[in-house]
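Enquirer: I have a structure here, written as structure tokens, and I will follow up with some questions on it.
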Amino acid sequence: MEPDHAITAFTGGPGSAAVRRAAAPVLEELARHTAGTGVALLLGDCDGVIVDRWSDTGAAERALERRGVIPGMLYSEEQAGTNGLGTALELGRGVAIHGTEHFLESLKGFSCYGHPIRHPLTRRVEGVVDITGVQATANPLYLPLVVRAVEEIERRLVEGARVEDLRLMSAYQRARRRSRSDAAVVGLGAELALADPAALDLVDPRDHPMLRGLARGLAAGRPLTTDAVLVSGAPVRVEMTRVEGAGAGTVFRIEAVAGAPRAAAVPTVAGPSEARPSEAGPAGTVAVVGEPGSGVTTAALRLIDGAGGAGEPVAADLLRLTLLDAVEVDAVELGADGERVWGGRFADALRDAERDDAAVVLIEHADLLPDRLLRRVSRALAGGAGRARLVVTVRTGTGAGEALAALCDRRAAVPPLRERQSEFPRIVAGVLAELDPDGGARVPPGVATVLASYPWPGNITELRAVLAAAVHRSGGTVTVDDLPEHVRRGATAARLTGMERAERAAIVAALAAKGGNKRQAAEELGISRTTLYARMRTLKV
């Protein structure tokens, strides 16, 4: 991004409805008091997108519109450099940006005073207010105006909070007072998430869907205790209480289980054709958890079959396996009776597995089952399966999936493709062997390095699709030009020097550790935010 960069990132997002309801009367009143002064009032959301704008002078309106200061436009620091909206959000406090302090040349004729809006209950940043003057010089009166406006908006946020959220907040505070210091307390409502310091250390936000899944169907006022496994692999005991009059609002008291082993990870999946033997088949019930496309079914089959040979279809040796796919419930061939037919097949398979120690039932995509079948599978996992060996594959982070995994004797996690850089050449070779059994297709090391630099949100499924198209396009040896444009952009990282790769890795690690917060990442790295943005652009982070 250069100083003459034009703002073009239009999102049109509406922002938080609660913040807009609380802010509109306050800013409309402030606009009346500042009428004729050449001042514009801006309301932004928590990402820096302008949600609304107030100005009573045509000159100010035209000046702002020529510079893209309009509702729907993104003014984060990353997109626009230093400015009243983005910098206030980045620093988490009020700021004044005058004239040449703006990064963009187009904004250097303005003075801006921005202040974040924090929800008084959760302390989360919900938005930002900015007063922009059509002049480059400072006006000290603007700062107290914007501070008072934000205070009034925050007060209105509390007054306008849903009764359900307030009841959840009250129950959460009571639970905190009663709980031991080493127990984590979490409160989850439809839109409200509360966590005490112990919970921030123990529970990841990705655990929230699992917790919500555990509480589904829970009666208000009747505590229930169960065991679960967090995404970190830590086994925990969860006591949950649905709050009376708070809708789905539930308070969770979570304790780590002392001395219990962490959940083991499934050996990484090399590719659809490579099935390395596992140490042993599953005992009891097992949940194989992973992102979509990461190879959870292949991993589940390897767990079941300890003798699958490399290069052979694993399922060919699983003579006592019954495989049921939750997606088939809605298959056209099953018609309107899909749930009944699928349920009958599940009952038959479970009965056979109870009679035969060598039999296994594998349910793919179990978290996609409709509620009635989901309850039947849950009962089986919770103990109703008797002696049967039952394995389910579920998606990471889904409420139903995490709830099913919590009921199993064993949880096995399949890592996403982006976390398996050291295996990437072997994974690519495995996919190529499937796509071209005759061995004519080839991916040179340089192209493999480019592939490895891409994050692969679709995991092995996406890699297979990209390689299939590239092999077809190339007719043999794949080149970088045969790859899609979004994958080729990763080639920059592949051409970096060793020092630059190390720098890029450090930036990526710092951003990940700080949850994407660039201000905190810059502090962690000991550089300014401006330097961080520049290096991120250069290194294609």
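Just remember, in the structure tokens the first chain shown is A, the second B, etc., residues are 1-based per chain, and ligands are 1-based in the order shown.
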Can you list, as a list in words, every protein, DNA or RNA residue that comes within 6 Å of A:Tyr113 when you count only C-alpha atoms, leaving out same-chain residues fewer than 3 positions away?

Expert: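 With the cut-off at 6 Å, the set is Gly84, Val95, Ala96, Asp130 and Ile131 of chain A.
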
Enquirer: DSSP on the backbone, strand (DSSP E) only: what residues of stretch 384-454 of chain A does that give? Format it as a list in words.

Expert: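 Those in stretch 384-454 of chain A that DSSP calls strand (DSSP E) are Arg389, Leu390, Val391, Val392, Thr393, Val394, Arg395, Arg410, Arg411, Ala412 and Ala413 of chain A.
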
Enquirer: List every residue of stretch 370-485 of chain A that DSSP, applied to the backbone of this structure, assigns to helix (DSSP H, G or I), and report them as a ChimeraX atom specification.

Expert: /A:371-384,399-407,417-419,421-435,445-452,459-474,480-482,485

Enquirer: Contacts between stretch 60-69 of chain A and stretch 121-188 of chain A, please, where a residue of stretch 121-188 of chain A counts if it comes within 10 Å (with only C-alpha atoms); show its shortest atom pair and distance in Å to one decimal, rows by chain and ascending number, as a tab-separated table.

Expert:
```
residue	atom	partner	partner_atom	distance
A:Thr132	CA	A:Leu64	CA	9.5
A:Gly133	CA	A:Ala60	CA	8.5
A:Val134	CA	A:Ala60	CA	6.5
```

Enquirer: Just the selected residues (all heavy atoms), exported as a PDB file, in the first residue's frame, please.

Expert:
```pdb
ATOM      1  N   THR A 132     -14.731  13.771  12.190  1.00  0.00           N
ATOM      2  CA  THR A 132     -13.777  14.201  11.171  1.00  0.00           C
ATOM      3  C   THR A 132     -14.047  15.645  10.802  1.00  0.00           C
ATOM      4  O   THR A 132     -15.167  16.002  10.395  1.00  0.00           O
ATOM      5  CB  THR A 132     -13.888  13.315   9.913  1.00  0.00           C
ATOM      6  OG1 THR A 132     -13.466  11.998  10.230  1.00  0.00           O
ATOM      7  CG2 THR A 132     -13.018  13.854   8.791  1.00  0.00           C
ATOM      8  N   GLY A 133     -13.034  16.486  10.954  1.00  0.00           N
ATOM      9  CA  GLY A 133     -13.138  17.887  10.578  1.00  0.00           C
ATOM     10  C   GLY A 133     -12.494  18.136   9.223  1.00  0.00           C
ATOM     11  O   GLY A 133     -11.430  17.595   8.930  1.00  0.00           O
ATOM     12  N   VAL A 134     -13.159  18.928   8.395  1.00  0.00           N
ATOM     13  CA  VAL A 134     -12.629  19.206   7.058  1.00  0.00           C
ATOM     14  C   VAL A 134     -11.588  20.308   7.164  1.00  0.00           C
ATOM     15  O   VAL A 134     -11.736  21.408   6.640  1.00  0.00           O
ATOM     16  CB  VAL A 134     -13.765  19.579   6.090  1.00  0.00           C
ATOM     17  CG1 VAL A 134     -13.258  19.651   4.653  1.00  0.00           C
ATOM     18  CG2 VAL A 134     -14.880  18.572   6.183  1.00  0.00           C
TER      19      VAL A 134
END
```

Enquirer: Tell me, as an mmCIF file with all heavy atoms, in the first residue's frame, which residues lie within 10 Å of A:Gly221, counting only C-alpha atoms; anything in the same chain fewer than 4 positions away does not count.

Expert:
```
data_model
loop_
_atom_site.group_PDB
_atom_site.id
_atom_site.type_symbol
_atom_site.label_atom_id
_atom_site.label_comp_id
_atom_site.auth_asym_id
_atom_site.auth_seq_id
_atom_site.Cartn_x
_atom_site.Cartn_y
_atom_site.Cartn_z
ATOM 1 N N MET A 240 -22.760 -28.159 33.711
ATOM 2 C CA MET A 240 -23.475 -27.110 32.973
ATOM 3 C C MET A 240 -24.873 -26.921 33.531
ATOM 4 O O MET A 240 -25.533 -27.880 33.952
ATOM 5 C CB MET A 240 -23.535 -27.445 31.489
ATOM 6 C CG MET A 240 -23.954 -28.861 31.171
ATOM 7 S SD MET A 240 -23.595 -29.295 29.461
ATOM 8 C CE MET A 240 -23.797 -31.087 29.545
ATOM 9 N N THR A 241 -25.300 -25.653 33.538
ATOM 10 C CA THR A 241 -26.617 -25.301 34.059
ATOM 11 C C THR A 241 -27.281 -24.330 33.097
ATOM 12 O O THR A 241 -26.742 -23.243 32.829
ATOM 13 C CB THR A 241 -26.505 -24.638 35.452
ATOM 14 O OG1 THR A 241 -25.787 -25.514 36.336
ATOM 15 C CG2 THR A 241 -27.882 -24.356 36.013
ATOM 16 N N ARG A 242 -28.428 -24.730 32.560
ATOM 17 C CA ARG A 242 -29.201 -23.828 31.708
ATOM 18 C C ARG A 242 -29.869 -22.781 32.594
ATOM 19 O O ARG A 242 -30.478 -23.113 33.620
ATOM 20 C CB ARG A 242 -30.239 -24.636 30.936
ATOM 21 C CG ARG A 242 -31.158 -23.815 30.026
ATOM 22 C CD ARG A 242 -30.434 -23.178 28.847
ATOM 23 N NE ARG A 242 -29.734 -24.132 28.026
ATOM 24 C CZ ARG A 242 -30.278 -24.863 27.038
ATOM 25 N NH1 ARG A 242 -31.567 -24.760 26.787
ATOM 26 N NH2 ARG A 242 -29.542 -25.681 26.319
ATOM 27 N N VAL A 243 -29.748 -21.508 32.221
ATOM 28 C CA VAL A 243 -30.236 -20.403 33.045
ATOM 29 C C VAL A 243 -31.717 -20.173 32.776
ATOM 30 O O VAL A 243 -32.135 -20.015 31.615
ATOM 31 C CB VAL A 243 -29.436 -19.119 32.769
ATOM 32 C CG1 VAL A 243 -29.957 -17.955 33.624
ATOM 33 C CG2 VAL A 243 -27.952 -19.351 33.034
ATOM 34 N N GLU A 244 -32.497 -20.156 33.833
ATOM 35 C CA GLU A 244 -33.941 -19.934 33.716
ATOM 36 C C GLU A 244 -34.207 -18.565 33.096
ATOM 37 O O GLU A 244 -33.654 -17.546 33.503
ATOM 38 C CB GLU A 244 -34.583 -19.986 35.111
ATOM 39 C CG GLU A 244 -36.103 -19.981 35.095
ATOM 40 C CD GLU A 244 -36.688 -21.337 34.740
ATOM 41 O OE1 GLU A 244 -36.197 -22.357 35.266
ATOM 42 O OE2 GLU A 244 -37.631 -21.348 33.925
ATOM 43 N N GLY A 245 -35.042 -18.533 32.043
ATOM 44 C CA GLY A 245 -35.419 -17.278 31.410
ATOM 45 C C GLY A 245 -34.359 -16.667 30.520
ATOM 46 O O GLY A 245 -34.505 -15.522 30.093
ATOM 47 N N THR A 250 -26.395 -20.714 28.948
ATOM 48 C CA THR A 250 -25.932 -21.773 29.840
ATOM 49 C C THR A 250 -24.630 -21.359 30.498
ATOM 50 O O THR A 250 -23.770 -20.741 29.854
ATOM 51 C CB THR A 250 -25.711 -23.089 29.064
ATOM 52 O OG1 THR A 250 -26.911 -23.433 28.368
ATOM 53 C CG2 THR A 250 -25.330 -24.228 30.000
#
```

Enquirer: With a distance cut-off of 6 Å and only C-alpha atoms, select the neighbouring residues of A:Gly127, excluding the residue or stretch itself and same-chain residues fewer than 6 positions from it, and output the selection as a list in words.

Expert: Gly44, Asp45, Cys46, Pro116 and Ile117 of chain A

Enquirer: So which residues touch stretch 281-295 of chain A within 6 Å, counting only C-alpha atoms, skipping near sequence neighbours fewer than 3 positions away, as a list in words?

Expert: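 In the requested form, the answer reads Thr298, Leu303, Ile304, Gly306, Arg389, Leu390, Val391, Val392, Thr393, Val394, Arg395, Thr396, Ala405, Cys408, Asp409, Arg410, Arg411, Ala412, Ala413, Val414, Pro416, Gly458, Asn459, Ile460 and Thr461 of chain A.
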
Enquirer: Can I get the selected residues back with N, CA and C atoms, as a short mmCIF file (atom, residue, chain, number, x, y, z; two decimals), in the first residue's frame?

Expert:
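As written to disk, result_25.cif reads:
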```cif
data_model
loop_
_atom_site.label_atom_id
_atom_site.label_comp_id
_atom_site.auth_asym_id
_atom_site.auth_seq_id
_atom_site.Cartn_x
_atom_site.Cartn_y
_atom_site.Cartn_z
N THR A 298 -10.32 -41.73 5.74
CA THR A 298 -9.12 -42.55 5.54
C THR A 298 -8.46 -42.87 6.87
N LEU A 303 -7.40 -46.73 11.34
CA LEU A 303 -7.53 -47.11 12.75
C LEU A 303 -8.23 -48.46 12.90
N ILE A 304 -9.24 -48.67 12.07
CA ILE A 304 -10.00 -49.91 12.15
C ILE A 304 -9.16 -51.10 11.66
N GLY A 306 -5.67 -52.65 11.06
CA GLY A 306 -4.25 -52.55 11.39
C GLY A 306 -3.36 -53.22 10.38
N ARG A 389 -18.29 -52.22 18.44
CA ARG A 389 -17.25 -51.22 18.14
C ARG A 389 -17.87 -50.21 17.17
N LEU A 390 -17.90 -48.95 17.61
CA LEU A 390 -18.57 -47.90 16.85
C LEU A 390 -17.62 -46.73 16.66
N VAL A 391 -17.43 -46.32 15.40
CA VAL A 391 -16.53 -45.22 15.05
C VAL A 391 -17.33 -44.16 14.31
N VAL A 392 -17.13 -42.89 14.66
CA VAL A 392 -17.80 -41.78 13.96
C VAL A 392 -16.75 -40.80 13.47
N THR A 393 -17.00 -40.20 12.31
CA THR A 393 -16.16 -39.09 11.84
C THR A 393 -16.99 -37.82 11.93
N VAL A 394 -16.40 -36.75 12.48
CA VAL A 394 -17.10 -35.49 12.67
C VAL A 394 -16.18 -34.33 12.31
N ARG A 395 -16.78 -33.20 12.02
CA ARG A 395 -16.02 -31.99 11.69
C ARG A 395 -15.57 -31.27 12.95
N THR A 396 -14.36 -30.74 12.90
CA THR A 396 -13.83 -29.96 14.02
C THR A 396 -14.69 -28.74 14.29
N ALA A 405 -18.18 -36.42 19.95
CA ALA A 405 -16.81 -36.80 20.32
C ALA A 405 -16.66 -36.91 21.83
N CYS A 408 -17.46 -40.38 23.28
CA CYS A 408 -16.68 -41.54 22.86
C CYS A 408 -15.59 -41.89 23.87
N ASP A 409 -15.19 -43.15 23.84
CA ASP A 409 -14.09 -43.60 24.70
C ASP A 409 -12.78 -42.98 24.28
N ARG A 410 -12.66 -42.66 23.01
CA ARG A 410 -11.38 -42.22 22.47
C ARG A 410 -11.62 -41.18 21.38
N ARG A 411 -10.79 -40.17 21.35
CA ARG A 411 -10.88 -39.12 20.33
C ARG A 411 -9.56 -39.08 19.57
N ALA A 412 -9.63 -39.09 18.26
CA ALA A 412 -8.43 -39.03 17.42
C ALA A 412 -8.55 -37.83 16.49
N ALA A 413 -7.56 -36.96 16.52
CA ALA A 413 -7.60 -35.72 15.74
C ALA A 413 -6.74 -35.85 14.49
N VAL A 414 -7.30 -35.50 13.35
CA VAL A 414 -6.57 -35.50 12.09
C VAL A 414 -6.10 -34.06 11.83
N PRO A 416 -4.92 -30.62 10.02
CA PRO A 416 -5.17 -30.06 8.69
C PRO A 416 -3.90 -30.08 7.85
N GLY A 458 -9.29 -26.15 2.04
CA GLY A 458 -10.06 -27.34 1.72
C GLY A 458 -9.30 -28.64 1.93
N ASN A 459 -8.06 -28.52 2.47
CA ASN A 459 -7.24 -29.68 2.83
C ASN A 459 -6.98 -30.60 1.63
N ILE A 460 -6.93 -31.92 1.87
CA ILE A 460 -6.54 -32.86 0.81
C ILE A 460 -7.55 -32.86 -0.33
N THR A 461 -8.82 -32.65 -0.03
CA THR A 461 -9.84 -32.60 -1.09
C THR A 461 -9.52 -31.47 -2.07
#
```

Enquirer: Find the residue from A:Leu539, A:Val443, A:Leu41, A:Ala470 that sits nearest to A:Arg504; use only C-alpha atoms when measuring.

Expert: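 The closest residue to A:Arg504 is A:Leu539.
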
Enquirer: Near A:Leu224, within 12 Å and counting only C-alpha atoms, which residues show up once chain neighbours fewer than 3 positions away are dropped, as a PyMOL selection string?

Expert: chain A and resi 214-221+227+237-242+250-254

Enquirer: Would you write out those residues with N, CA and C atoms, as a compact mmCIF listing (two decimals), in the first residue's frame?

Expert:
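Saved the output as again-v8.txt:
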```txt
# COMPACT_ATOMS: atom_id res chain seq x y z
N LEU A 214 -23.13 -29.79 23.93
CA LEU A 214 -23.37 -30.56 25.15
C LEU A 214 -24.64 -30.09 25.87
N ALA A 215 -24.91 -28.78 25.78
CA ALA A 215 -26.04 -28.21 26.53
C ALA A 215 -27.35 -28.30 25.77
N ARG A 216 -27.30 -28.77 24.53
CA ARG A 216 -28.53 -28.82 23.74
C ARG A 216 -29.54 -29.77 24.40
N GLY A 217 -30.77 -29.28 24.58
CA GLY A 217 -31.81 -30.10 25.21
C GLY A 217 -31.78 -30.11 26.72
N LEU A 218 -30.83 -29.41 27.33
CA LEU A 218 -30.71 -29.38 28.79
C LEU A 218 -31.88 -28.59 29.38
N ALA A 219 -32.48 -29.14 30.44
CA ALA A 219 -33.59 -28.46 31.11
C ALA A 219 -33.06 -27.34 32.00
N ALA A 220 -33.77 -26.20 32.04
CA ALA A 220 -33.34 -25.06 32.83
C ALA A 220 -33.32 -25.41 34.31
N GLY A 221 -32.29 -24.98 35.00
CA GLY A 221 -32.19 -25.14 36.44
C GLY A 221 -31.77 -26.51 36.92
N ASP A 227 -18.17 -35.60 30.93
CA ASP A 227 -16.76 -35.48 30.54
C ASP A 227 -16.68 -35.05 29.08
N ARG A 237 -13.84 -32.12 32.93
CA ARG A 237 -15.17 -32.42 33.47
C ARG A 237 -15.98 -31.14 33.41
N VAL A 238 -17.17 -31.22 32.81
CA VAL A 238 -18.00 -30.04 32.57
C VAL A 238 -19.30 -30.15 33.35
N GLU A 239 -19.55 -29.17 34.22
CA GLU A 239 -20.84 -29.07 34.89
C GLU A 239 -21.58 -27.91 34.24
N MET A 240 -22.76 -28.16 33.71
CA MET A 240 -23.47 -27.11 32.97
C MET A 240 -24.87 -26.92 33.53
N THR A 241 -25.30 -25.65 33.54
CA THR A 241 -26.62 -25.30 34.06
C THR A 241 -27.28 -24.33 33.10
N ARG A 242 -28.43 -24.73 32.56
CA ARG A 242 -29.20 -23.83 31.71
C ARG A 242 -29.87 -22.78 32.59
N THR A 250 -26.40 -20.71 28.95
CA THR A 250 -25.93 -21.77 29.84
C THR A 250 -24.63 -21.36 30.50
N VAL A 251 -24.48 -21.69 31.77
CA VAL A 251 -23.23 -21.45 32.49
C VAL A 251 -22.51 -22.78 32.64
N PHE A 252 -21.22 -22.80 32.28
CA PHE A 252 -20.40 -24.01 32.35
C PHE A 252 -19.29 -23.83 33.39
N ARG A 253 -19.13 -24.84 34.23
CA ARG A 253 -18.00 -24.89 35.16
C ARG A 253 -17.10 -26.02 34.70
N ILE A 254 -15.87 -25.71 34.34
CA ILE A 254 -14.99 -26.66 33.64
C ILE A 254 -13.72 -26.88 34.45
```

Enquirer: Neighbours of stretch 151-166 of chain A within 9 Å (only C-alpha atoms; same-chain residues fewer than 4 positions away dropped), as a JSON list (two decimals) with N, CA, C and O atoms, in the first residue's frame?

Expert:
```
[["chain", "number", "residue", "atom", "x", "y", "z"],
["A", 18, "ALA", "N", -27.31, -3.94, 17.44],
["A", 18, "ALA", "CA", -27.40, -3.35, 18.77],
["A", 18, "ALA", "C", -26.62, -2.05, 18.85],
["A", 18, "ALA", "O", -27.09, -1.07, 19.44],
["A", 19, "VAL", "N", -25.43, -2.02, 18.25],
["A", 19, "VAL", "CA", -24.61, -0.80, 18.27],
["A", 19, "VAL", "C", -25.29, 0.30, 17.47],
["A", 19, "VAL", "O", -25.33, 1.47, 17.88],
["A", 21, "ARG", "N", -28.47, 0.70, 16.93],
["A", 21, "ARG", "CA", -29.63, 1.20, 17.68],
["A", 21, "ARG", "C", -29.19, 2.13, 18.80],
["A", 21, "ARG", "O", -29.80, 3.17, 19.06],
["A", 22, "ALA", "N", -28.09, 1.76, 19.48],
["A", 22, "ALA", "CA", -27.62, 2.58, 20.60],
["A", 22, "ALA", "C", -26.97, 3.87, 20.11],
["A", 22, "ALA", "O", -27.08, 4.92, 20.77],
["A", 23, "ALA", "N", -26.27, 3.83, 18.97],
["A", 23, "ALA", "CA", -25.48, 4.98, 18.53],
["A", 23, "ALA", "C", -26.29, 6.01, 17.75],
["A", 23, "ALA", "O", -26.01, 7.22, 17.84],
["A", 24, "ALA", "N", -27.28, 5.57, 16.98],
["A", 24, "ALA", "CA", -27.98, 6.50, 16.09],
["A", 24, "ALA", "C", -28.57, 7.72, 16.82],
["A", 24, "ALA", "O", -28.31, 8.87, 16.41],
["A", 25, "PRO", "N", -29.33, 7.56, 17.91],
["A", 25, "PRO", "CA", -29.88, 8.76, 18.58],
["A", 25, "PRO", "C", -28.79, 9.68, 19.13],
["A", 25, "PRO", "O", -28.91, 10.91, 19.08],
["A", 26, "VAL", "N", -27.70, 9.09, 19.63],
["A", 26, "VAL", "CA", -26.62, 9.88, 20.21],
["A", 26, "VAL", "C", -25.93, 10.70, 19.13],
["A", 26, "VAL", "O", -25.68, 11.91, 19.30],
["A", 27, "LEU", "N", -25.61, 10.07, 18.02],
["A", 27, "LEU", "CA", -24.86, 10.77, 16.97],
["A", 27, "LEU", "C", -25.75, 11.74, 16.20],
["A", 27, "LEU", "O", -25.28, 12.77, 15.71],
["A", 117, "ILE", "N", -15.87, 1.76, 20.82],
["A", 117, "ILE", "CA", -17.03, 1.50, 21.67],
["A", 117, "ILE", "C", -16.86, 0.11, 22.27],
["A", 117, "ILE", "O", -16.76, -0.87, 21.52],
["A", 118, "ARG", "N", -16.81, 0.02, 23.59],
["A", 118, "ARG", "CA", -16.71, -1.28, 24.26],
["A", 118, "ARG", "C", -18.01, -1.61, 24.96],
["A", 118, "ARG", "O", -18.61, -0.76, 25.62],
["A", 119, "HIS", "N", -18.44, -2.86, 24.81],
["A", 119, "HIS", "CA", -19.65, -3.28, 25.53],
["A", 119, "HIS", "C", -19.31, -3.34, 27.02],
["A", 119, "HIS", "O", -18.38, -4.03, 27.41],
["A", 120, "PRO", "N", -20.04, -2.63, 27.87],
["A", 120, "PRO", "CA", -19.71, -2.59, 29.30],
["A", 120, "PRO", "C", -19.76, -3.96, 29.98],
["A", 120, "PRO", "O", -19.10, -4.16, 31.00],
["A", 121, "LEU", "N", -20.54, -4.90, 29.45],
["A", 121, "LEU", "CA", -20.64, -6.21, 30.09],
["A", 121, "LEU", "C", -19.51, -7.14, 29.67],
["A", 121, "LEU", "O", -18.90, -7.81, 30.50],
["A", 146, "VAL", "N", -16.34, 13.37, 21.33],
["A", 146, "VAL", "CA", -16.41, 11.97, 20.92],
["A", 146, "VAL", "C", -16.38, 11.05, 22.14],
["A", 146, "VAL", "O", -17.06, 10.02, 22.17],
["A", 147, "VAL", "N", -15.64, 11.43, 23.19],
["A", 147, "VAL", "CA", -15.60, 10.60, 24.41],
["A", 147, "VAL", "C", -16.97, 10.55, 25.06],
["A", 147, "VAL", "O", -17.45, 9.48, 25.46],
["A", 170, "SER", "N", -25.94, -12.39, 35.11],
["A", 170, "SER", "CA", -26.13, -12.51, 36.55],
["A", 170, "SER", "C", -25.79, -13.91, 37.03],
["A", 170, "SER", "O", -25.11, -14.10, 38.05],
["A", 171, "ALA", "N", -26.25, -14.95, 36.30],
["A", 171, "ALA", "CA", -25.97, -16.33, 36.68],
["A", 171, "ALA", "C", -24.48, -16.63, 36.58],
["A", 171, "ALA", "O", -23.91, -17.35, 37.41],
["A", 189, "GLY", "N", -24.48, -17.53, 25.63],
["A", 189, "GLY", "CA", -25.85, -17.27, 25.20],
["A", 189, "GLY", "C", -25.93, -17.27, 23.69],
["A", 189, "GLY", "O", -24.99, -17.68, 23.01],
["A", 190, "ALA", "N", -27.05, -16.81, 23.16],
["A", 190, "ALA", "CA", -27.22, -16.80, 21.71],
["A", 190, "ALA", "C", -26.16, -15.91, 21.05],
["A", 190, "ALA", "O", -25.63, -16.24, 20.00],
["A", 191, "GLU", "N", -25.86, -14.75, 21.67],
["A", 191, "GLU", "CA", -24.88, -13.83, 21.09],
["A", 191, "GLU", "C", -23.83, -13.39, 22.09],
["A", 191, "GLU", "O", -22.95, -12.59, 21.76],
["A", 192, "LEU", "N", -23.90, -13.89, 23.32],
["A", 192, "LEU", "CA", -23.03, -13.41, 24.39],
["A", 192, "LEU", "C", -22.14, -14.56, 24.86],
["A", 192, "LEU", "O", -22.61, -15.67, 25.08],
["A", 243, "VAL", "N", -29.75, -21.51, 32.22],
["A", 243, "VAL", "CA", -30.24, -20.40, 33.04],
["A", 243, "VAL", "C", -31.72, -20.17, 32.78],
["A", 243, "VAL", "O", -32.14, -20.02, 31.61],
["A", 244, "GLU", "N", -32.50, -20.16, 33.83],
["A", 244, "GLU", "CA", -33.94, -19.93, 33.72],
["A", 244, "GLU", "C", -34.21, -18.57, 33.10],
["A", 244, "GLU", "O", -33.65, -17.55, 33.50],
["A", 245, "GLY", "N", -35.04, -18.53, 32.04],
["A", 245, "GLY", "CA", -35.42, -17.28, 31.41],
["A", 245, "GLY", "C", -34.36, -16.67, 30.52],
["A", 245, "GLY", "O", -34.50, -15.52, 30.09],
["A", 246, "ALA", "N", -33.29, -17.42, 30.21],
["A", 246, "ALA", "CA", -32.21, -16.89, 29.38],
["A", 246, "ALA", "C", -32.12, -17.60, 28.03],
["A", 246, "ALA", "O", -31.06, -17.63, 27.41],
["A", 247, "GLY", "N", -33.22, -18.19, 27.58],
["A", 247, "GLY", "CA", -33.20, -18.89, 26.31],
["A", 247, "GLY", "C", -32.23, -20.06, 26.36],
["A", 247, "GLY", "O", -32.31, -20.92, 27.22],
["A", 248, "ALA", "N", -31.29, -20.07, 25.40],
["A", 248, "ALA", "CA", -30.27, -21.13, 25.36],
["A", 248, "ALA", "C", -29.09, -20.81, 26.27],
["A", 248, "ALA", "O", -28.11, -21.57, 26.30],
["A", 249, "GLY", "N", -29.13, -19.69, 26.99],
["A", 249, "GLY", "CA", -28.01, -19.29, 27.85],
["A", 249, "GLY", "C", -27.67, -20.34, 28.89],
["A", 249, "GLY", "O", -28.54, -20.81, 29.63]]
```
